[in-house]
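Here's data_25.csv, which has CSV, C-alpha atoms and all ligand atoms:
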```csv
chain,number,residue,atom,x,y,z
A,1,MET,CA,0.0,0.0,0.0
A,2,PRO,CA,1.6,3.3,-1.0
A,3,ILE,CA,1.5,5.9,1.7
A,4,GLN,CA,2.2,9.6,1.3
A,5,SER,CA,4.9,10.4,3.8
A,6,LYS,CA,4.3,13.1,6.4
A,7,LEU,CA,8.0,13.4,6.9
A,8,PRO,CA,9.6,12.7,3.5
A,9,ALA,CA,12.9,14.4,4.3
A,10,VAL,CA,13.4,12.5,7.6
A,11,GLY,CA,15.7,9.5,7.8
A,12,THR,CA,17.3,7.7,10.8
A,13,THR,CA,18.5,10.1,13.5
A,14,ILE,CA,22.1,11.0,13.6
A,15,PHE,CA,22.3,9.6,17.1
A,16,THR,CA,21.3,6.2,16.0
A,17,VAL,CA,23.6,6.3,12.9
A,18,MET,CA,26.7,7.3,14.9
A,19,SER,CA,26.0,4.9,17.8
A,20,ALA,CA,25.6,2.1,15.3
A,21,LEU,CA,28.9,3.1,13.6
A,22,ALA,CA,30.6,3.2,16.9
A,23,THR,CA,29.5,-0.3,17.7
A,24,GLU,CA,30.4,-1.6,14.3
A,25,HIS,CA,34.0,-0.3,14.6
A,26,GLY,CA,34.5,-0.9,18.3
A,27,ALA,CA,34.8,2.9,18.9
A,28,ILE,CA,34.4,4.7,22.2
A,29,ASN,CA,31.0,6.2,21.9
A,30,LEU,CA,31.1,9.9,22.7
A,31,SER,CA,28.3,10.6,20.1
A,32,GLN,CA,24.8,9.9,21.4
A,33,GLY,CA,24.3,11.6,24.7
A,34,PHE,CA,23.9,9.1,27.5
A,35,PRO,CA,25.9,8.1,30.6
A,36,ASP,CA,28.0,4.9,30.7
A,37,TYR,CA,28.0,4.7,34.5
A,38,PRO,CA,25.2,3.3,36.7
A,39,CYS,CA,22.4,5.3,38.2
A,40,ASP,CA,22.1,5.7,42.0
A,41,ALA,CA,21.7,2.4,43.7
A,42,ASP,CA,18.8,3.7,45.9
A,43,LEU,CA,16.9,4.7,42.7
A,44,LEU,CA,17.4,1.2,41.3
A,45,GLY,CA,16.3,-0.4,44.6
A,46,ALA,CA,13.2,1.8,44.7
A,47,LEU,CA,12.3,0.7,41.1
A,48,GLY,CA,12.5,-3.0,42.1
A,49,GLU,CA,10.6,-2.4,45.3
A,50,ALA,CA,7.8,-0.6,43.5
A,51,ALA,CA,7.4,-3.5,41.1
A,52,GLN,CA,7.5,-6.1,43.9
A,53,GLN,CA,5.0,-4.1,46.0
A,54,GLY,CA,2.6,-4.5,43.1
A,55,PHE,CA,2.6,-1.0,41.5
A,56,ASN,CA,2.4,-2.5,38.0
A,57,GLN,CA,-0.9,-1.3,36.7
A,58,TYR,CA,-1.8,2.0,35.0
A,59,ALA,CA,-0.8,5.2,36.8
A,60,PRO,CA,-3.2,8.2,36.9
A,61,MET,CA,-3.3,9.9,33.5
A,62,ALA,CA,-1.5,13.1,34.6
A,63,GLY,CA,1.1,11.2,36.6
A,64,LEU,CA,1.4,9.8,40.1
A,65,PRO,CA,0.3,12.4,42.6
A,66,ALA,CA,3.3,11.7,44.8
A,67,LEU,CA,5.7,12.4,41.9
A,68,ARG,CA,3.9,15.6,40.9
A,69,GLN,CA,4.0,16.8,44.5
A,70,ALA,CA,7.7,16.0,44.6
A,71,ILE,CA,8.3,18.0,41.4
A,72,ALA,CA,6.3,20.9,42.8
A,73,ALA,CA,8.5,20.8,46.0
A,74,LYS,CA,11.6,20.7,43.9
A,75,LEU,CA,10.5,23.8,41.8
A,76,LEU,CA,9.8,25.6,45.1
A,77,ALA,CA,13.2,24.8,46.4
A,78,GLN,CA,14.9,25.6,43.1
A,79,HIS,CA,13.1,28.8,41.9
A,80,SER,CA,10.9,29.8,44.9
A,81,ILE,CA,7.9,29.4,42.7
A,82,SER,CA,4.7,27.7,43.5
A,83,VAL,CA,3.4,25.3,40.8
A,84,HIS,CA,0.1,23.5,41.4
A,85,PRO,CA,0.9,19.7,41.2
A,86,ASP,CA,-2.7,18.8,40.2
A,87,VAL,CA,-3.3,21.2,37.4
A,88,GLU,CA,0.1,22.5,36.2
A,89,ILE,CA,2.3,19.4,36.1
A,90,THR,CA,2.0,16.4,33.7
A,91,VAL,CA,4.3,13.4,33.8
A,92,THR,CA,5.4,12.3,30.3
A,93,ALA,CA,7.2,9.5,28.6
A,94,GLY,CA,10.4,11.5,28.5
A,95,ALA,CA,11.0,15.0,27.3
A,96,THR,CA,10.5,13.9,23.7
A,97,GLN,CA,6.8,13.1,24.3
A,98,ALA,CA,6.3,16.3,26.3
A,99,LEU,CA,7.7,18.3,23.4
A,100,PHE,CA,5.6,16.5,20.8
A,101,THR,CA,2.5,16.8,22.9
A,102,ALA,CA,3.0,20.6,23.5
A,103,ILE,CA,3.6,21.1,19.8
A,104,ALA,CA,0.5,19.1,18.9
A,105,THR,CA,-1.5,21.0,21.6
A,106,VAL,CA,-0.7,24.4,20.1
A,107,LEU,CA,-0.2,24.1,16.3
A,108,HIS,CA,-3.0,23.9,13.8
A,109,ALA,CA,-2.3,23.1,10.1
A,110,GLY,CA,-0.4,26.0,8.5
A,111,ASP,CA,0.7,27.5,11.8
A,112,GLU,CA,4.3,28.5,12.2
A,113,ALA,CA,6.8,27.8,15.0
A,114,ILE,CA,10.1,29.6,15.3
A,115,LEU,CA,13.2,27.4,16.0
A,116,LEU,CA,16.7,28.5,16.8
A,117,ASP,CA,19.3,26.4,15.0
A,118,PRO,CA,21.2,24.4,16.0
A,119,SER,CA,18.1,22.8,17.3
A,120,TYR,CA,17.5,19.4,18.8
A,121,ASP,CA,16.5,16.9,16.1
A,122,SER,CA,12.9,16.1,17.2
A,123,TYR,CA,11.6,19.7,17.0
A,124,ALA,CA,11.1,20.3,13.3
A,125,PRO,CA,9.6,16.8,12.6
A,126,SER,CA,7.2,17.2,15.4
A,127,ILE,CA,6.0,20.5,14.0
A,128,LEU,CA,5.8,19.1,10.4
A,129,ALA,CA,3.8,16.1,11.7
A,130,GLN,CA,1.1,18.6,12.8
A,131,GLY,CA,1.0,20.2,9.4
A,132,GLY,CA,2.9,23.2,10.9
A,133,ARG,CA,5.8,25.1,9.4
A,134,PRO,CA,9.1,25.3,11.3
A,135,VAL,CA,10.8,28.7,10.8
A,136,HIS,CA,14.5,28.2,11.4
A,137,ILE,CA,16.7,31.1,12.6
A,138,PRO,CA,20.4,30.1,12.6
A,139,LEU,CA,22.8,30.9,15.4
A,140,TYR,CA,26.5,30.8,14.9
A,141,ALA,CA,29.7,29.6,16.7
A,142,PRO,CA,31.5,30.3,18.8
A,143,ASP,CA,28.9,31.8,21.2
A,144,PHE,CA,25.6,31.1,19.4
A,145,ALA,CA,24.2,34.4,20.6
A,146,VAL,CA,20.6,35.1,19.8
A,147,ASP,CA,19.8,38.3,17.8
A,148,TRP,CA,16.3,38.8,19.2
A,149,SER,CA,15.5,41.4,16.6
A,150,ARG,CA,16.0,38.7,13.9
A,151,VAL,CA,13.6,36.5,15.9
A,152,GLU,CA,11.0,39.2,16.0
A,153,ALA,CA,11.4,39.9,12.3
A,154,ALA,CA,10.5,36.2,11.6
A,155,VAL,CA,7.1,36.6,13.4
A,156,THR,CA,4.2,36.5,11.0
A,157,PRO,CA,0.4,36.4,11.6
A,158,ARG,CA,0.7,32.6,11.5
A,159,THR,CA,3.3,32.3,14.2
A,160,ARG,CA,2.0,30.6,17.4
A,161,LEU,CA,5.1,29.3,19.2
A,162,ILE,CA,8.8,30.0,19.8
A,163,LEU,CA,10.9,27.0,20.8
A,164,ILE,CA,13.9,27.4,23.0
A,165,ASN,CA,16.4,25.0,24.4
A,166,ASN,CA,18.3,26.3,27.4
A,167,PRO,CA,21.0,25.1,28.1
A,168,ASN,CA,21.3,24.3,24.4
A,169,ASN,CA,22.1,20.9,22.9
A,170,PRO,CA,24.4,21.0,20.9
A,171,ALA,CA,25.5,24.7,21.1
A,172,THR,CA,26.3,24.3,24.9
A,173,SER,CA,25.3,28.0,25.3
A,174,ILE,CA,23.0,29.3,28.0
A,175,PHE,CA,20.6,32.2,28.2
A,176,SER,CA,21.2,35.3,30.3
A,177,PRO,CA,18.4,37.1,32.1
A,178,GLU,CA,18.4,39.7,29.2
A,179,ASP,CA,17.7,36.9,26.7
A,180,LEU,CA,14.7,35.9,28.7
A,181,ASP,CA,13.5,39.5,28.9
A,182,ALA,CA,13.9,39.9,25.1
A,183,LEU,CA,12.0,36.6,24.5
A,184,ALA,CA,9.2,37.7,26.9
A,185,ALA,CA,8.8,41.0,25.2
A,186,ILE,CA,8.5,39.4,21.7
A,187,ALA,CA,6.1,36.8,23.0
A,188,GLU,CA,3.9,39.4,24.7
A,189,ARG,CA,3.9,41.8,21.8
A,190,HIS,CA,2.8,39.1,19.4
A,191,ASP,CA,0.8,37.0,21.8
A,192,LEU,CA,2.9,33.9,21.2
A,193,LEU,CA,3.4,30.8,23.4
A,194,VAL,CA,6.8,29.5,24.3
A,195,LEU,CA,8.0,25.9,24.5
A,196,ALA,CA,11.1,25.8,26.7
A,197,ASP,CA,13.2,22.6,26.6
A,198,GLU,CA,15.1,22.8,29.8
A,199,VAL,CA,16.2,19.2,30.1
A,200,TYR,CA,19.8,20.3,30.9
A,201,GLU,CA,18.7,22.7,33.6
A,202,HIS,CA,21.1,21.4,36.2
A,203,LEU,CA,24.1,21.1,33.8
A,204,VAL,CA,25.4,24.7,34.0
A,205,TYR,CA,29.0,25.3,34.7
A,206,ASP,CA,31.6,27.8,36.0
A,207,GLY,CA,29.3,29.2,38.7
A,208,GLN,CA,26.7,30.5,36.2
A,209,SER,CA,23.1,29.9,36.9
A,210,HIS,CA,20.2,28.5,34.8
A,211,GLN,CA,17.6,31.0,33.8
A,212,SER,CA,14.3,29.1,33.7
A,213,VAL,CA,11.2,30.4,32.0
A,214,LEU,CA,9.4,29.3,35.2
A,215,ALA,CA,11.2,31.9,37.3
A,216,HIS,CA,10.3,34.7,34.8
A,217,PRO,CA,6.7,35.7,35.6
A,218,ALA,CA,5.9,37.0,32.0
A,219,LEU,CA,7.2,33.7,30.5
A,220,ARG,CA,5.8,31.5,33.2
A,221,ALA,CA,2.3,32.7,32.1
A,222,ARG,CA,2.7,31.6,28.5
A,223,SER,CA,5.2,28.7,28.5
A,224,PHE,CA,5.3,25.0,28.4
A,225,ALA,CA,8.5,24.0,30.2
A,226,VAL,CA,9.9,20.5,29.6
A,227,TYR,CA,12.2,18.4,31.8
A,228,SER,CA,13.7,14.8,31.7
A,229,PHE,CA,14.6,12.5,34.6
A,230,GLY,CA,16.8,10.8,32.0
A,231,LYS,CA,19.3,13.7,32.3
A,232,THR,CA,18.8,14.6,36.0
A,233,PHE,CA,19.1,11.0,37.3
A,234,HIS,CA,21.4,9.5,34.7
A,235,ALA,CA,18.7,7.2,33.4
A,236,THR,CA,18.0,8.1,29.8
A,237,GLY,CA,16.5,4.6,29.2
A,238,TRP,CA,13.7,5.1,31.7
A,239,LYS,CA,12.1,7.7,29.5
A,240,VAL,CA,10.3,9.7,32.2
A,241,GLY,CA,10.0,13.5,32.1
A,242,TYR,CA,7.4,16.2,32.7
A,243,CYS,CA,5.8,19.3,31.4
A,244,VAL,CA,5.0,22.4,33.6
A,245,ALA,CA,2.5,24.9,32.2
A,246,PRO,CA,-0.3,27.1,33.4
A,247,ARG,CA,-3.7,25.5,34.2
A,248,GLU,CA,-5.4,26.3,30.8
A,249,LEU,CA,-2.4,25.2,28.8
A,250,THR,CA,-2.0,22.0,30.9
A,251,ALA,CA,-5.7,21.2,30.4
A,252,GLU,CA,-5.3,21.3,26.6
A,253,PHE,CA,-1.9,19.5,26.8
A,254,ARG,CA,-3.6,16.6,28.7
A,255,LYS,CA,-6.3,16.2,26.1
A,256,ILE,CA,-3.5,15.2,23.7
A,257,HIS,CA,-1.4,13.4,26.3
A,258,GLN,CA,-4.2,11.1,27.3
A,259,PHE,CA,-4.6,9.7,23.8
A,260,LEU,CA,-0.9,9.6,23.0
A,261,VAL,CA,0.3,7.6,26.0
A,262,PHE,CA,-2.5,7.9,28.5
A,263,ALA,CA,-0.1,7.2,31.4
A,264,VAL,CA,3.6,6.7,32.1
A,265,ASN,CA,5.5,3.7,33.5
A,266,THR,CA,4.1,3.2,37.1
A,267,PRO,CA,7.0,1.6,39.0
A,268,ALA,CA,9.4,4.2,37.6
A,269,GLN,CA,7.2,7.0,38.8
A,270,HIS,CA,7.1,5.5,42.3
A,271,ALA,CA,10.9,5.2,42.3
A,272,LEU,CA,11.4,8.8,41.0
A,273,ALA,CA,9.0,10.2,43.6
A,274,ALA,CA,10.9,8.5,46.4
A,275,HIS,CA,14.2,9.6,45.1
A,276,LEU,CA,13.3,13.2,44.4
A,277,THR,CA,12.1,13.7,48.0
A,278,LYS,CA,15.5,12.6,49.4
A,279,PRO,CA,18.1,15.4,50.1
A,280,ASP,CA,20.9,16.1,47.6
A,281,THR,CA,19.8,14.0,44.7
A,282,TRP,CA,20.2,16.7,42.1
A,283,GLN,CA,22.1,19.6,43.8
A,284,GLY,CA,25.6,18.3,43.0
A,285,LEU,CA,25.2,17.9,39.3
A,286,PRO,CA,27.2,21.0,38.0
A,287,GLU,CA,30.3,19.9,40.0
A,288,PHE,CA,29.8,16.3,38.9
A,289,PHE,CA,29.7,17.1,35.2
A,290,GLN,CA,32.2,20.0,35.2
A,291,LYS,CA,34.9,17.6,36.4
A,292,LYS,CA,34.1,15.4,33.5
A,293,ARG,CA,34.1,18.3,31.0
A,294,ASP,CA,37.5,19.4,32.4
A,295,LEU,CA,38.9,15.9,32.1
A,296,LEU,CA,38.1,15.4,28.4
A,297,ALA,CA,39.1,19.0,27.4
A,298,PRO,CA,42.9,18.6,27.6
A,299,GLY,CA,42.8,15.4,25.6
A,300,LEU,CA,40.9,17.0,22.8
A,301,GLN,CA,43.2,20.1,22.8
A,302,ALA,CA,46.3,17.9,22.8
A,303,ALA,CA,44.9,16.0,19.8
A,304,GLY,CA,44.7,19.3,17.9
A,305,PHE,CA,41.0,20.3,18.4
A,306,ARG,CA,40.1,23.9,19.1
A,307,LEU,CA,37.5,23.9,21.9
A,308,LEU,CA,34.4,26.1,22.0
A,309,PRO,CA,33.3,27.2,25.5
A,310,SER,CA,31.0,24.6,27.1
A,311,GLN,CA,28.7,26.6,29.4
A,312,GLY,CA,26.1,23.9,29.8
A,313,THR,CA,24.7,20.4,28.8
A,314,TYR,CA,27.0,17.4,28.9
A,315,PHE,CA,28.6,18.1,25.5
A,316,GLN,CA,31.8,19.7,24.3
A,317,LEU,CA,32.0,21.3,20.9
A,318,ALA,CA,35.4,21.0,19.1
A,319,GLU,CA,36.6,22.6,15.9
A,320,TYR,CA,38.8,20.3,13.8
A,321,SER,CA,40.1,22.5,10.9
A,322,ALA,CA,43.7,22.1,12.1
A,323,LEU,CA,43.3,18.3,11.7
A,324,ARG,CA,41.3,17.6,8.5
A,325,PRO,CA,40.3,20.9,6.8
A,326,ASP,CA,39.3,18.9,3.7
A,327,LEU,CA,36.4,17.0,5.4
A,328,ASP,CA,32.9,18.3,6.2
A,329,ASP,CA,31.7,17.4,9.7
A,330,VAL,CA,29.8,14.3,8.7
A,331,ALA,CA,32.8,12.9,6.9
A,332,PHE,CA,35.1,13.9,9.7
A,333,ALA,CA,32.9,12.2,12.4
A,334,ARG,CA,32.8,9.0,10.3
A,335,TRP,CA,36.6,9.2,9.7
A,336,LEU,CA,37.4,9.7,13.4
A,337,THR,CA,35.1,6.8,14.4
A,338,ILE,CA,36.5,4.4,11.9
A,339,GLU,CA,40.2,5.4,11.9
A,340,TYR,CA,40.7,6.5,15.5
A,341,GLY,CA,37.9,4.7,17.4
A,342,VAL,CA,36.2,7.7,18.9
A,343,ALA,CA,32.6,8.6,17.9
A,344,SER,CA,31.2,12.1,17.9
A,345,ILE,CA,28.2,13.9,16.3
A,346,PRO,CA,28.5,16.4,13.4
A,347,VAL,CA,26.9,19.7,14.4
A,348,SER,CA,25.5,20.3,10.9
A,349,ALA,CA,22.8,17.6,11.7
A,350,PHE,CA,21.2,20.3,13.9
A,351,TYR,CA,20.8,22.9,11.2
A,352,GLN,CA,18.2,23.3,8.4
A,353,ALA,CA,20.8,25.1,6.4
A,354,PRO,CA,24.2,24.2,7.9
A,355,PRO,CA,26.8,27.0,8.0
A,356,THR,CA,30.3,26.1,6.7
A,357,GLN,CA,31.9,25.3,10.0
A,358,LYS,CA,34.0,22.4,11.0
A,359,ILE,CA,32.6,21.4,14.4
A,360,VAL,CA,31.8,18.1,16.1
A,361,ARG,CA,30.1,17.3,19.4
A,362,PHE,CA,31.6,15.0,22.1
A,363,CYS,CA,29.5,13.7,25.0
A,364,PHE,CA,31.4,13.8,28.4
A,365,ALA,CA,28.7,12.0,30.5
A,366,LYS,CA,31.1,9.1,30.8
A,367,GLN,CA,33.2,7.4,33.4
A,368,GLU,CA,36.7,8.9,33.9
A,369,THR,CA,38.2,5.7,32.4
A,370,THR,CA,36.2,6.2,29.2
A,371,LEU,CA,37.2,9.8,28.9
A,372,LEU,CA,40.9,9.0,29.5
A,373,ALA,CA,40.7,6.1,27.0
A,374,ALA,CA,39.2,8.4,24.4
A,375,SER,CA,41.9,11.0,25.0
A,376,GLU,CA,44.6,8.3,24.6
A,377,ARG,CA,43.1,7.2,21.2
A,378,LEU,CA,42.8,10.8,20.1
A,379,ALA,CA,46.5,11.5,21.0
A,380,LYS,CA,47.4,9.3,17.9
A,381,LEU,CA,46.0,12.1,15.7
A,382,ARG,CA,49.1,14.1,16.6
A,383,ALA,CA,51.5,11.1,16.3
A,401,LIG,N1,19.6,13.7,23.4
A,401,LIG,C1,20.6,12.7,23.0
A,401,LIG,C2,21.7,13.5,22.3
A,401,LIG,O1,21.6,14.7,22.0
A,401,LIG,C3,20.1,11.7,22.0
A,401,LIG,C4,18.8,11.1,22.2
A,401,LIG,C5,18.4,10.3,21.1
A,401,LIG,O2,19.2,9.4,20.6
A,401,LIG,N2,17.2,10.5,20.6
A,401,LIG,O3,22.7,12.9,22.0
```
Before we go any further, please render this structure as structure tokens.
Ligand code: GLN
Amino acid sequence: MPIQSKLPAVGTTIFTVMSALATEHGAINLSQGFPDYPCDADLLGALGEAAQQGFNQYAPMAGLPALRQAIAAKLLAQHSISVHPDVEITVTAGATQALFTAIATVLHAGDEAILLDPSYDSYAPSILAQGGRPVHIPLYAPDFAVDWSRVEAAVTPRTRLILINNPNNPATSIFSPEDLDALAAIAERHDLLVLADEVYEHLVYDGQSHQSVLAHPALRARSFAVYSFGKTFHATGWKVGYCVAPRELTAEFRKIHQFLVFAVNTPAQHALAAHLTKPDTWQGLPEFFQKKRDLLAPGLQAAGFRLLPSQGTYFQLAEYSALRPDLDDVAFARWLTIEYGVASIPVSAFYQAPPTQKIVRFCFAKQETTLLAASERLAKLRA
């Protein structure tokens, strides 16, 4: 049966492609972003206990009340904001489902959503699947600063939504309070909604702080903010996240959510609720990851890469023109995987119209031994 593709330009994601290439060639996989060390033993114990205790049937549609209450308590501790767990928080099957659901909630066919490239790979296809039109605004290395007047100039009568990702994967840049003020002014002037992907909220380095839309009253009133326990608790395979939005937006979000997944994995929600209410489960993350960033950096520099500042996320961008100026980033990432046994991600994959830059992304959410082994392999580039 022939079918007319809704996503004719979409192939297999670059993360799957590079992870498969890494496996095929026995490479150290610093491409797809996921930890190679275990999650907290208490969290794993709580998962087993929840299953043994019989929490194996459907959870409530919006998420386990205990987990939503724990999330509200965390938001109070983190940003001194009060979020109503019953009507403003929805537990989702990872951030990806929250993003897709928020986009499906807002966009009607022909509506436009503004994206800042480099943008995470699920955004544009999720918009297209709704019959929407992604409007891409490119940001450039090394600082990927946003020219907000360009963003405003892209607003049309069909624009409904601006998507942001702060801290940004793969740019590793973070927003300042002034960025959020500029975004809020545009959203208010043109009556737009904001979808804020804040999955890397805790991964901000060098003493800087995360600027959440939830802590900005004007943005809080018109944003869906999306989070992932995969990032915060080193458990990307659990696929549990959540969306925070004002009551009216959440009510519409849940109409889609209930028919997309209905409810999310019950024992995992019990385990996460128990873990989140313990002290110090997420507070030490910047120090934890900054150490890893600073362990990989000298290895990359010694190999001949020029490093871009990594202000947030668990990624390091590296410019390779001193090594292989003849290769584009896709060819370079393949070459490095096959010839030197270290896999990375070409940054062009995150652009609609990639600029001519020679930058790849390395993931440092890895054990020290993995990062040192990768540095050792990369040292051969200079040999
Ligand atoms: N977010 C991860 C990354 O950026 C990948 C997730 C996925 O494979 N879909 O590497």
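Between Lys358 (chain A) and the residues A:Ala333, A:Leu372, A:Ala62, A:Ala153, the shortest atom-to-atom distance, using only C-alpha atoms, involves A:Ala333.
Nearest-residue note for ligand LIG 401 (chain A): choosing from A:Ala145, A:Ile345, A:Ala184, A:Ala235, the minimum distance belongs to A:Ile345, counting only C-alpha atoms and all ligand atoms.
From CA of Asp143 (chain A) back to CA of Glu319 (chain A), the distance works out to 13.1 Å.
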Original post:
Do you know which residues lie at most 8 Å from (36.2, 9.7, 22.8), with coordinates as in the file and all atoms listed in the file counted, and could you write them as an MDAnalysis selection string?
Top reply: chainID A and resid 27:30 341:344 362 370:371 373:375 377:378
Original post:
With all atoms listed in the file as the atoms that count, which of A:Val17, A:Ile3, A:Ile338, A:Met61 lies nearest to ligand LIG 401 (chain A)?
Top reply: A:Val17
Mind running region 122-172 of chain A against region 208-221 of chain A at 10 Å and telling me each contacting residue's nearest atom pair with the distance in Å (one decimal), counting only C-alpha atoms, chain and number ascending, as CSV?
```
residue,atom,partner,partner_atom,distance
A:Ile164,CA,A:Val213,CA,9.9
A:Asn166,CA,A:His210,CA,8.0
A:Pro167,CA,A:His210,CA,7.6
```
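Atom to atom, CA of Asp181 (chain A) and CA of His202 (chain A) stand 20.9 Å apart.
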Subject >> Shell of 7 Å around Cys363 (chain A), only C-alpha atoms, local chain residues under 6 positions omitted, as a count of residues only >> reply: 6
Original post:
Once you count only C-alpha atoms, which residues end up no further than 9 Å from (3.6, 2.3, 30.6) in the file's frame, shown as a PyMOL selection string?
Top reply: chain A and resi 56-59+93+261-266
Original post:
Nearest to Tyr120 (chain A): which of A:Ala171, A:Ala379, A:Leu272, A:Ala20 is it, counting only C-alpha atoms?
Top reply: A:Ala171
Subject >> Length of the CA of Asp328 (chain A) to CA of Pro35 (chain A) vector [Å] >> reply: 27.4 Å
Original post:
Using only C-alpha atoms, which residues sit within 9 Å of region 187-200 of chain A once same-chain residues fewer than 5 positions away are excluded, as JSON, numbers by chain?
Top reply: {"A": [95, 99, 102, 103, 106, 152, 155, 156, 157, 159, 160, 161, 162, 163, 164, 165, 166, 167, 168, 169, 182, 212, 213, 218, 219, 221, 222, 223, 224, 225, 226, 227, 228, 229, 230, 231, 232, 241, 312, 313, 314]}
**OP:** Can you pull out every residue within 10 Å of Trp148 (chain A), counting all atoms listed in the file, but drop anything in the same chain fewer than 6 positions away, and send it as a ChimeraX atom specification?
**Re:** /A:154,179,182-183,185-186
**OP:** Go through A:Thr13, A:Gln290, A:Gln352, A:Ser19 one by one, measure the shortest atom-to-atom distance of each to Asp117 (chain A) using all atoms listed in the file, and give the residue with the smallest value.
**Re:** A:Gln352
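Using all atoms listed in the file, the shortest contact distance between ligand LIG 401 (chain A) and any of A:Ala271, A:Leu180, A:Ile14, A:Leu260 is found at A:Ile14.
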Just want the 10 Å neighbourhood of Ala66 (chain A), counted on only C-alpha atoms, with same-chain residues fewer than 4 positions away dropped. Output as a PDB file with C-alpha atoms, in the coordinates of the input.
```pdb
ATOM      1  CA  ALA A  70       7.700  16.000  44.600  1.00  0.00           C
ATOM      2  CA  ILE A  71       8.300  18.000  41.400  1.00  0.00           C
ATOM      3  CA  ALA A  72       6.300  20.900  42.800  1.00  0.00           C
ATOM      4  CA  PRO A  85       0.900  19.700  41.200  1.00  0.00           C
ATOM      5  CA  GLN A 269       7.200   7.000  38.800  1.00  0.00           C
ATOM      6  CA  HIS A 270       7.100   5.500  42.300  1.00  0.00           C
ATOM      7  CA  LEU A 272      11.400   8.800  41.000  1.00  0.00           C
ATOM      8  CA  ALA A 273       9.000  10.200  43.600  1.00  0.00           C
ATOM      9  CA  ALA A 274      10.900   8.500  46.400  1.00  0.00           C
ATOM     10  CA  THR A 277      12.100  13.700  48.000  1.00  0.00           C
TER      11      THR A 277
END
```
